[in-house]
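Dumped run_31.txt below, it's compact mmCIF, N, CA and C atoms:
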```txt
# COMPACT_ATOMS: atom_id res chain seq x y z
N MET A 12 -27.72 -4.40 -14.95
CA MET A 12 -26.52 -3.95 -15.66
C MET A 12 -26.31 -4.85 -16.86
N GLY A 13 -26.11 -4.25 -18.03
CA GLY A 13 -25.91 -5.01 -19.24
C GLY A 13 -24.52 -5.59 -19.33
N LYS A 14 -24.37 -6.50 -20.30
CA LYS A 14 -23.06 -7.16 -20.46
C LYS A 14 -21.96 -6.16 -20.79
N ILE A 15 -22.29 -5.13 -21.56
CA ILE A 15 -21.28 -4.13 -21.90
C ILE A 15 -20.85 -3.38 -20.65
N ASP A 16 -21.80 -3.02 -19.80
CA ASP A 16 -21.47 -2.33 -18.55
C ASP A 16 -20.65 -3.22 -17.63
N GLN A 17 -21.00 -4.51 -17.60
CA GLN A 17 -20.25 -5.45 -16.77
C GLN A 17 -18.82 -5.57 -17.26
N ALA A 18 -18.64 -5.67 -18.55
CA ALA A 18 -17.29 -5.77 -19.13
C ALA A 18 -16.50 -4.50 -18.84
N LYS A 19 -17.16 -3.36 -18.94
CA LYS A 19 -16.49 -2.09 -18.68
C LYS A 19 -16.04 -2.02 -17.22
N ALA A 20 -16.90 -2.43 -16.30
CA ALA A 20 -16.56 -2.43 -14.87
C ALA A 20 -15.41 -3.37 -14.59
N LEU A 21 -15.41 -4.53 -15.24
CA LEU A 21 -14.33 -5.50 -15.05
C LEU A 21 -13.00 -4.95 -15.57
N LEU A 22 -13.03 -4.29 -16.72
CA LEU A 22 -11.82 -3.68 -17.27
C LEU A 22 -11.30 -2.58 -16.35
N GLN A 23 -12.21 -1.78 -15.78
CA GLN A 23 -11.81 -0.73 -14.86
C GLN A 23 -11.16 -1.33 -13.61
N ALA A 24 -11.71 -2.43 -13.12
CA ALA A 24 -11.15 -3.09 -11.94
C ALA A 24 -9.75 -3.63 -12.23
N LYS A 25 -9.57 -4.23 -13.39
CA LYS A 25 -8.25 -4.76 -13.75
C LYS A 25 -7.24 -3.63 -13.93
N LYS A 26 -7.68 -2.54 -14.52
CA LYS A 26 -6.80 -1.38 -14.70
C LYS A 26 -6.38 -0.82 -13.33
N LEU A 27 -7.34 -0.74 -12.42
CA LEU A 27 -7.04 -0.25 -11.08
C LEU A 27 -6.06 -1.17 -10.36
N GLN A 28 -6.23 -2.47 -10.52
CA GLN A 28 -5.31 -3.42 -9.88
C GLN A 28 -3.88 -3.21 -10.39
N LYS A 29 -3.71 -3.02 -11.67
CA LYS A 29 -2.38 -2.78 -12.22
C LYS A 29 -1.81 -1.47 -11.70
N GLU A 30 -2.67 -0.47 -11.58
CA GLU A 30 -2.26 0.83 -11.06
C GLU A 30 -1.76 0.69 -9.62
N LEU A 31 -2.49 -0.08 -8.82
CA LEU A 31 -2.10 -0.28 -7.43
C LEU A 31 -0.81 -1.07 -7.30
N GLN A 32 -0.58 -2.00 -8.23
CA GLN A 32 0.66 -2.77 -8.21
C GLN A 32 1.87 -1.88 -8.44
N LYS A 33 1.71 -0.84 -9.25
CA LYS A 33 2.82 0.05 -9.59
C LYS A 33 3.02 1.17 -8.58
N LEU A 34 1.99 1.47 -7.81
CA LEU A 34 2.03 2.56 -6.84
C LEU A 34 2.98 2.21 -5.69
N ILE A 35 3.89 3.11 -5.36
CA ILE A 35 4.83 2.89 -4.26
C ILE A 35 4.58 3.93 -3.17
N ILE A 36 4.38 3.44 -1.96
CA ILE A 36 4.16 4.30 -0.79
C ILE A 36 5.34 4.10 0.15
N VAL A 37 5.87 5.20 0.66
CA VAL A 37 7.04 5.14 1.54
C VAL A 37 6.60 5.44 2.97
N GLY A 38 7.08 4.63 3.89
CA GLY A 38 6.90 4.88 5.32
C GLY A 38 8.25 5.06 5.96
N GLU A 39 8.38 6.05 6.85
CA GLU A 39 9.66 6.31 7.52
C GLU A 39 9.45 6.39 9.02
N SER A 40 10.51 6.10 9.74
CA SER A 40 10.52 6.31 11.18
C SER A 40 11.95 6.51 11.64
N GLY A 41 12.08 6.96 12.89
CA GLY A 41 13.40 7.21 13.44
C GLY A 41 14.13 8.32 12.72
N ASP A 42 13.39 9.36 12.34
CA ASP A 42 13.98 10.50 11.61
C ASP A 42 14.73 10.06 10.36
N GLY A 43 14.16 9.07 9.65
CA GLY A 43 14.78 8.59 8.41
C GLY A 43 15.70 7.41 8.60
N ALA A 44 15.82 6.92 9.83
CA ALA A 44 16.68 5.76 10.08
C ALA A 44 16.18 4.54 9.33
N VAL A 45 14.86 4.41 9.25
CA VAL A 45 14.25 3.28 8.56
C VAL A 45 13.25 3.81 7.54
N ARG A 46 13.36 3.29 6.33
CA ARG A 46 12.42 3.65 5.27
C ARG A 46 11.97 2.36 4.59
N VAL A 47 10.67 2.20 4.46
CA VAL A 47 10.13 1.02 3.78
C VAL A 47 9.27 1.47 2.61
N GLU A 48 9.16 0.60 1.63
CA GLU A 48 8.32 0.85 0.48
C GLU A 48 7.33 -0.29 0.35
N VAL A 49 6.06 0.05 0.19
CA VAL A 49 5.02 -0.94 -0.09
C VAL A 49 4.28 -0.47 -1.33
N ASN A 50 3.62 -1.41 -2.00
CA ASN A 50 2.84 -0.99 -3.16
C ASN A 50 1.38 -0.84 -2.75
N GLY A 51 0.55 -0.47 -3.71
CA GLY A 51 -0.86 -0.23 -3.44
C GLY A 51 -1.64 -1.48 -3.08
N GLU A 52 -1.02 -2.63 -3.23
CA GLU A 52 -1.64 -3.89 -2.83
C GLU A 52 -1.16 -4.33 -1.44
N GLN A 53 -0.51 -3.44 -0.73
CA GLN A 53 0.03 -3.67 0.61
C GLN A 53 1.09 -4.77 0.64
N LYS A 54 1.87 -4.84 -0.42
CA LYS A 54 2.99 -5.79 -0.45
C LYS A 54 4.28 -5.03 -0.19
N LEU A 55 5.04 -5.52 0.76
CA LEU A 55 6.32 -4.92 1.12
C LEU A 55 7.30 -5.12 -0.03
N LYS A 56 7.88 -4.01 -0.51
CA LYS A 56 8.78 -4.08 -1.65
C LYS A 56 10.24 -3.87 -1.26
N LYS A 57 10.49 -3.01 -0.26
CA LYS A 57 11.87 -2.69 0.07
C LYS A 57 11.96 -2.16 1.49
N VAL A 58 13.06 -2.49 2.15
CA VAL A 58 13.38 -1.95 3.48
C VAL A 58 14.77 -1.35 3.40
N HIS A 59 14.90 -0.10 3.84
CA HIS A 59 16.21 0.55 3.88
C HIS A 59 16.49 0.97 5.32
N ILE A 60 17.65 0.61 5.80
CA ILE A 60 18.08 0.98 7.15
C ILE A 60 19.38 1.76 7.03
N ASP A 61 19.37 2.98 7.55
CA ASP A 61 20.56 3.83 7.53
C ASP A 61 21.48 3.37 8.67
N PRO A 62 22.64 2.81 8.35
CA PRO A 62 23.53 2.28 9.39
C PRO A 62 24.04 3.34 10.37
N ASP A 63 24.01 4.60 9.96
CA ASP A 63 24.48 5.66 10.87
C ASP A 63 23.57 5.81 12.09
N TYR A 64 22.33 5.36 11.97
CA TYR A 64 21.37 5.48 13.07
C TYR A 64 21.29 4.23 13.95
N VAL A 65 21.89 3.15 13.50
CA VAL A 65 21.74 1.88 14.19
C VAL A 65 22.71 1.77 15.37
N ASP A 66 22.13 1.49 16.52
CA ASP A 66 22.92 1.23 17.73
C ASP A 66 22.78 -0.27 18.01
N VAL A 67 23.87 -1.01 17.79
CA VAL A 67 23.81 -2.46 17.97
C VAL A 67 23.48 -2.86 19.41
N ASN A 68 23.63 -1.93 20.33
CA ASN A 68 23.29 -2.20 21.72
C ASN A 68 21.81 -1.96 22.00
N ASP A 69 21.08 -1.46 21.01
CA ASP A 69 19.65 -1.20 21.19
C ASP A 69 18.88 -1.67 19.95
N ILE A 70 18.94 -2.95 19.69
CA ILE A 70 18.25 -3.53 18.55
C ILE A 70 16.74 -3.37 18.70
N GLY A 71 16.26 -3.32 19.92
CA GLY A 71 14.83 -3.12 20.17
C GLY A 71 14.33 -1.83 19.54
N GLN A 72 15.12 -0.78 19.59
CA GLN A 72 14.73 0.49 18.98
C GLN A 72 14.62 0.34 17.46
N LEU A 73 15.58 -0.34 16.86
CA LEU A 73 15.55 -0.58 15.42
C LEU A 73 14.29 -1.38 15.04
N GLU A 74 13.97 -2.39 15.82
CA GLU A 74 12.78 -3.19 15.56
C GLU A 74 11.52 -2.32 15.62
N ARG A 75 11.43 -1.43 16.60
CA ARG A 75 10.27 -0.54 16.73
C ARG A 75 10.19 0.41 15.52
N TRP A 76 11.34 0.92 15.09
CA TRP A 76 11.36 1.80 13.92
C TRP A 76 10.84 1.06 12.68
N ILE A 77 11.28 -0.17 12.51
CA ILE A 77 10.83 -0.98 11.36
C ILE A 77 9.33 -1.19 11.44
N GLU A 78 8.84 -1.59 12.62
CA GLU A 78 7.40 -1.80 12.78
C GLU A 78 6.63 -0.53 12.48
N ASP A 79 7.09 0.60 13.01
CA ASP A 79 6.40 1.88 12.79
C ASP A 79 6.38 2.27 11.32
N ALA A 80 7.52 2.09 10.64
CA ALA A 80 7.60 2.45 9.23
C ALA A 80 6.67 1.57 8.38
N VAL A 81 6.64 0.28 8.69
CA VAL A 81 5.78 -0.65 7.94
C VAL A 81 4.31 -0.30 8.20
N LYS A 82 3.95 -0.07 9.45
CA LYS A 82 2.56 0.28 9.78
C LYS A 82 2.14 1.55 9.06
N SER A 83 3.00 2.55 9.06
CA SER A 83 2.70 3.82 8.41
C SER A 83 2.47 3.64 6.91
N ALA A 84 3.36 2.91 6.27
CA ALA A 84 3.24 2.69 4.82
C ALA A 84 2.00 1.86 4.49
N MET A 85 1.73 0.84 5.29
CA MET A 85 0.56 0.00 5.05
C MET A 85 -0.74 0.80 5.22
N GLN A 86 -0.81 1.61 6.25
CA GLN A 86 -2.01 2.41 6.47
C GLN A 86 -2.24 3.38 5.31
N GLU A 87 -1.19 4.02 4.86
CA GLU A 87 -1.32 4.95 3.75
C GLU A 87 -1.72 4.21 2.47
N SER A 88 -1.13 3.04 2.25
CA SER A 88 -1.46 2.23 1.09
C SER A 88 -2.93 1.81 1.11
N GLN A 89 -3.41 1.40 2.28
CA GLN A 89 -4.81 1.00 2.41
C GLN A 89 -5.74 2.18 2.15
N LYS A 90 -5.38 3.34 2.65
CA LYS A 90 -6.18 4.55 2.46
C LYS A 90 -6.27 4.90 0.97
N ILE A 91 -5.14 4.89 0.29
CA ILE A 91 -5.11 5.21 -1.14
C ILE A 91 -5.91 4.18 -1.94
N ALA A 92 -5.72 2.91 -1.62
CA ALA A 92 -6.45 1.86 -2.34
C ALA A 92 -7.95 2.01 -2.13
N ALA A 93 -8.37 2.30 -0.92
CA ALA A 93 -9.80 2.46 -0.64
C ALA A 93 -10.38 3.63 -1.43
N GLU A 94 -9.63 4.73 -1.50
CA GLU A 94 -10.09 5.89 -2.26
C GLU A 94 -10.24 5.58 -3.74
N LYS A 95 -9.31 4.77 -4.26
CA LYS A 95 -9.35 4.45 -5.69
C LYS A 95 -10.43 3.41 -6.01
N VAL A 96 -10.71 2.54 -5.07
CA VAL A 96 -11.68 1.47 -5.28
C VAL A 96 -13.12 1.96 -5.10
N GLN A 97 -13.31 2.95 -4.27
CA GLN A 97 -14.65 3.43 -3.94
C GLN A 97 -15.55 3.68 -5.16
N PRO A 98 -15.07 4.37 -6.20
CA PRO A 98 -15.94 4.59 -7.36
C PRO A 98 -16.40 3.32 -8.07
N LEU A 99 -15.59 2.25 -7.96
CA LEU A 99 -15.95 1.01 -8.63
C LEU A 99 -16.95 0.17 -7.84
N LEU A 100 -17.05 0.40 -6.55
CA LEU A 100 -17.90 -0.42 -5.71
C LEU A 100 -19.36 -0.39 -6.15
N GLY A 101 -19.84 0.77 -6.57
CA GLY A 101 -21.22 0.86 -7.05
C GLY A 101 -21.44 -0.02 -8.25
N ASN A 102 -20.51 -0.03 -9.18
CA ASN A 102 -20.62 -0.86 -10.38
C ASN A 102 -20.55 -2.34 -10.04
N LEU A 103 -19.67 -2.71 -9.15
CA LEU A 103 -19.52 -4.11 -8.80
C LEU A 103 -20.73 -4.61 -8.03
N GLY A 104 -21.34 -3.75 -7.24
CA GLY A 104 -22.54 -4.12 -6.50
C GLY A 104 -23.67 -4.49 -7.46
N SER A 105 -23.71 -3.85 -8.58
CA SER A 105 -24.73 -4.16 -9.60
C SER A 105 -24.48 -5.51 -10.26
N LEU A 106 -23.26 -6.00 -10.11
CA LEU A 106 -22.93 -7.32 -10.70
C LEU A 106 -23.29 -8.45 -9.76
N GLY A 107 -23.73 -8.12 -8.56
CA GLY A 107 -24.07 -9.15 -7.58
C GLY A 107 -22.89 -9.59 -6.75
N LEU A 108 -21.80 -8.83 -6.75
CA LEU A 108 -20.61 -9.19 -5.98
C LEU A 108 -20.65 -8.54 -4.61
```

Is it possible to give me this structure as structure tokens?
Amino acid sequence: MGKIDQAKALLQAKKLQKELQKLIIVGESGDGAVRVEVNGEQKLKKVHIDPDYVDVNDIGQLERWIEDAVKSAMQESQKIAAEKVQPLLGNLGSLGL
């Protein structure tokens, strides 16, 4: 791979990273009681809890909803990131990475 191709692959990778930083994936559980947002880099950005669904006598349920919403959003974020990265892997392999 020539230097121009290497530079092009590097620019594509940086562009993809910025794209993933801006991408927001939402995970929900408990019929909307808990909603979380993560970005394409699997970083948690926001947690929303609807107080109408919260039973202070069953905090365990709320904790499970939070875990489920985070897992759902993270899995979707990983799936999307993998799909977007796949085309670049061939180019990066040629760079010896």

Could you state the separation of CA of Ile91 in chain A and atom C of Lys54 in chain A in Å, given to one decimal place?
13.9 Å

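Closest approach to Ile36 in chain A from the set A:Ala20, A:Leu55, A:Val67, A:Ala84 is made by A:Ala84, with distances taken over only C-alpha atoms.
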
Looking only at the backbone, which of the residues in chain A does DSSP tag as strand (DSSP E or B), as a PDB file with N, CA and C atoms, keeping the file's coordinate frame?
```pdb
ATOM      1  N   ILE A  35       3.890   3.110  -5.360  1.00  0.00           N
ATOM      2  CA  ILE A  35       4.830   2.890  -4.260  1.00  0.00           C
ATOM      3  C   ILE A  35       4.580   3.930  -3.170  1.00  0.00           C
ATOM      4  N   ILE A  36       4.380   3.440  -1.960  1.00  0.00           N
ATOM      5  CA  ILE A  36       4.160   4.300  -0.790  1.00  0.00           C
ATOM      6  C   ILE A  36       5.340   4.100   0.150  1.00  0.00           C
ATOM      7  N   VAL A  37       5.870   5.200   0.660  1.00  0.00           N
ATOM      8  CA  VAL A  37       7.040   5.140   1.540  1.00  0.00           C
ATOM      9  C   VAL A  37       6.600   5.440   2.970  1.00  0.00           C
ATOM     10  N   GLY A  38       7.080   4.630   3.890  1.00  0.00           N
ATOM     11  CA  GLY A  38       6.900   4.880   5.320  1.00  0.00           C
ATOM     12  C   GLY A  38       8.250   5.060   5.960  1.00  0.00           C
ATOM     13  N   GLU A  39       8.380   6.050   6.850  1.00  0.00           N
ATOM     14  CA  GLU A  39       9.660   6.310   7.520  1.00  0.00           C
ATOM     15  C   GLU A  39       9.450   6.390   9.020  1.00  0.00           C
ATOM     16  N   SER A  40      10.510   6.100   9.740  1.00  0.00           N
ATOM     17  CA  SER A  40      10.520   6.310  11.180  1.00  0.00           C
ATOM     18  C   SER A  40      11.950   6.510  11.640  1.00  0.00           C
ATOM     19  N   VAL A  45      14.860   4.410   9.250  1.00  0.00           N
ATOM     20  CA  VAL A  45      14.250   3.280   8.560  1.00  0.00           C
ATOM     21  C   VAL A  45      13.250   3.810   7.540  1.00  0.00           C
ATOM     22  N   ARG A  46      13.360   3.290   6.330  1.00  0.00           N
ATOM     23  CA  ARG A  46      12.420   3.650   5.270  1.00  0.00           C
ATOM     24  C   ARG A  46      11.970   2.360   4.590  1.00  0.00           C
ATOM     25  N   VAL A  47      10.670   2.200   4.460  1.00  0.00           N
ATOM     26  CA  VAL A  47      10.130   1.020   3.780  1.00  0.00           C
ATOM     27  C   VAL A  47       9.270   1.470   2.610  1.00  0.00           C
ATOM     28  N   GLU A  48       9.160   0.600   1.630  1.00  0.00           N
ATOM     29  CA  GLU A  48       8.320   0.850   0.480  1.00  0.00           C
ATOM     30  C   GLU A  48       7.330  -0.290   0.350  1.00  0.00           C
ATOM     31  N   VAL A  49       6.060   0.050   0.190  1.00  0.00           N
ATOM     32  CA  VAL A  49       5.020  -0.940  -0.090  1.00  0.00           C
ATOM     33  C   VAL A  49       4.280  -0.470  -1.330  1.00  0.00           C
ATOM     34  N   ASN A  50       3.620  -1.410  -2.000  1.00  0.00           N
ATOM     35  CA  ASN A  50       2.840  -0.990  -3.160  1.00  0.00           C
ATOM     36  C   ASN A  50       1.380  -0.840  -2.750  1.00  0.00           C
ATOM     37  N   LEU A  55       5.040  -5.520   0.760  1.00  0.00           N
ATOM     38  CA  LEU A  55       6.320  -4.920   1.120  1.00  0.00           C
ATOM     39  C   LEU A  55       7.300  -5.120  -0.030  1.00  0.00           C
ATOM     40  N   LYS A  56       7.880  -4.010  -0.510  1.00  0.00           N
ATOM     41  CA  LYS A  56       8.780  -4.080  -1.650  1.00  0.00           C
ATOM     42  C   LYS A  56      10.240  -3.870  -1.260  1.00  0.00           C
ATOM     43  N   LYS A  57      10.490  -3.010  -0.260  1.00  0.00           N
ATOM     44  CA  LYS A  57      11.870  -2.690   0.070  1.00  0.00           C
ATOM     45  C   LYS A  57      11.960  -2.160   1.490  1.00  0.00           C
ATOM     46  N   VAL A  58      13.060  -2.490   2.150  1.00  0.00           N
ATOM     47  CA  VAL A  58      13.380  -1.950   3.480  1.00  0.00           C
ATOM     48  C   VAL A  58      14.770  -1.350   3.400  1.00  0.00           C
ATOM     49  N   HIS A  59      14.900  -0.100   3.840  1.00  0.00           N
ATOM     50  CA  HIS A  59      16.210   0.550   3.880  1.00  0.00           C
ATOM     51  C   HIS A  59      16.490   0.970   5.320  1.00  0.00           C
ATOM     52  N   ILE A  60      17.650   0.610   5.800  1.00  0.00           N
ATOM     53  CA  ILE A  60      18.080   0.980   7.150  1.00  0.00           C
ATOM     54  C   ILE A  60      19.380   1.760   7.030  1.00  0.00           C
TER      55      ILE A  60
END
```

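Relative to CA of Lys56 in chain A, CA of Gln32 in chain A is found at 10.5 Å.
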
Residues of range 43-66 of chain A within 9 Å of range 75-79 of chain A: nearest atom pair and distance (Å, one decimal) for each, counting only C-alpha atoms, sorted by chain and number, as a Markdown table?
```
| residue | atom | partner | partner_atom | distance |
| --- | --- | --- | --- | --- |
| A:Ala44 | CA | A:Trp76 | CA | 7.7 |
| A:Val45 | CA | A:Ile77 | CA | 6.1 |
| A:Arg46 | CA | A:Ile77 | CA | 7.8 |
| A:Val47 | CA | A:Ile77 | CA | 7.9 |
| A:Val58 | CA | A:Ile77 | CA | 8.3 |
| A:Ile60 | CA | A:Ile77 | CA | 8.6 |
```

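Atom to atom, atom N of Gln97 in chain A and atom N of Lys57 in chain A stand 24.9 Å apart.
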
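Distance annotation: of A:Gln53, A:Gln89, A:Gln72, A:Ser83, the residue with the minimal separation from Lys33 in chain A is A:Gln53; atom set is only C-alpha atoms.
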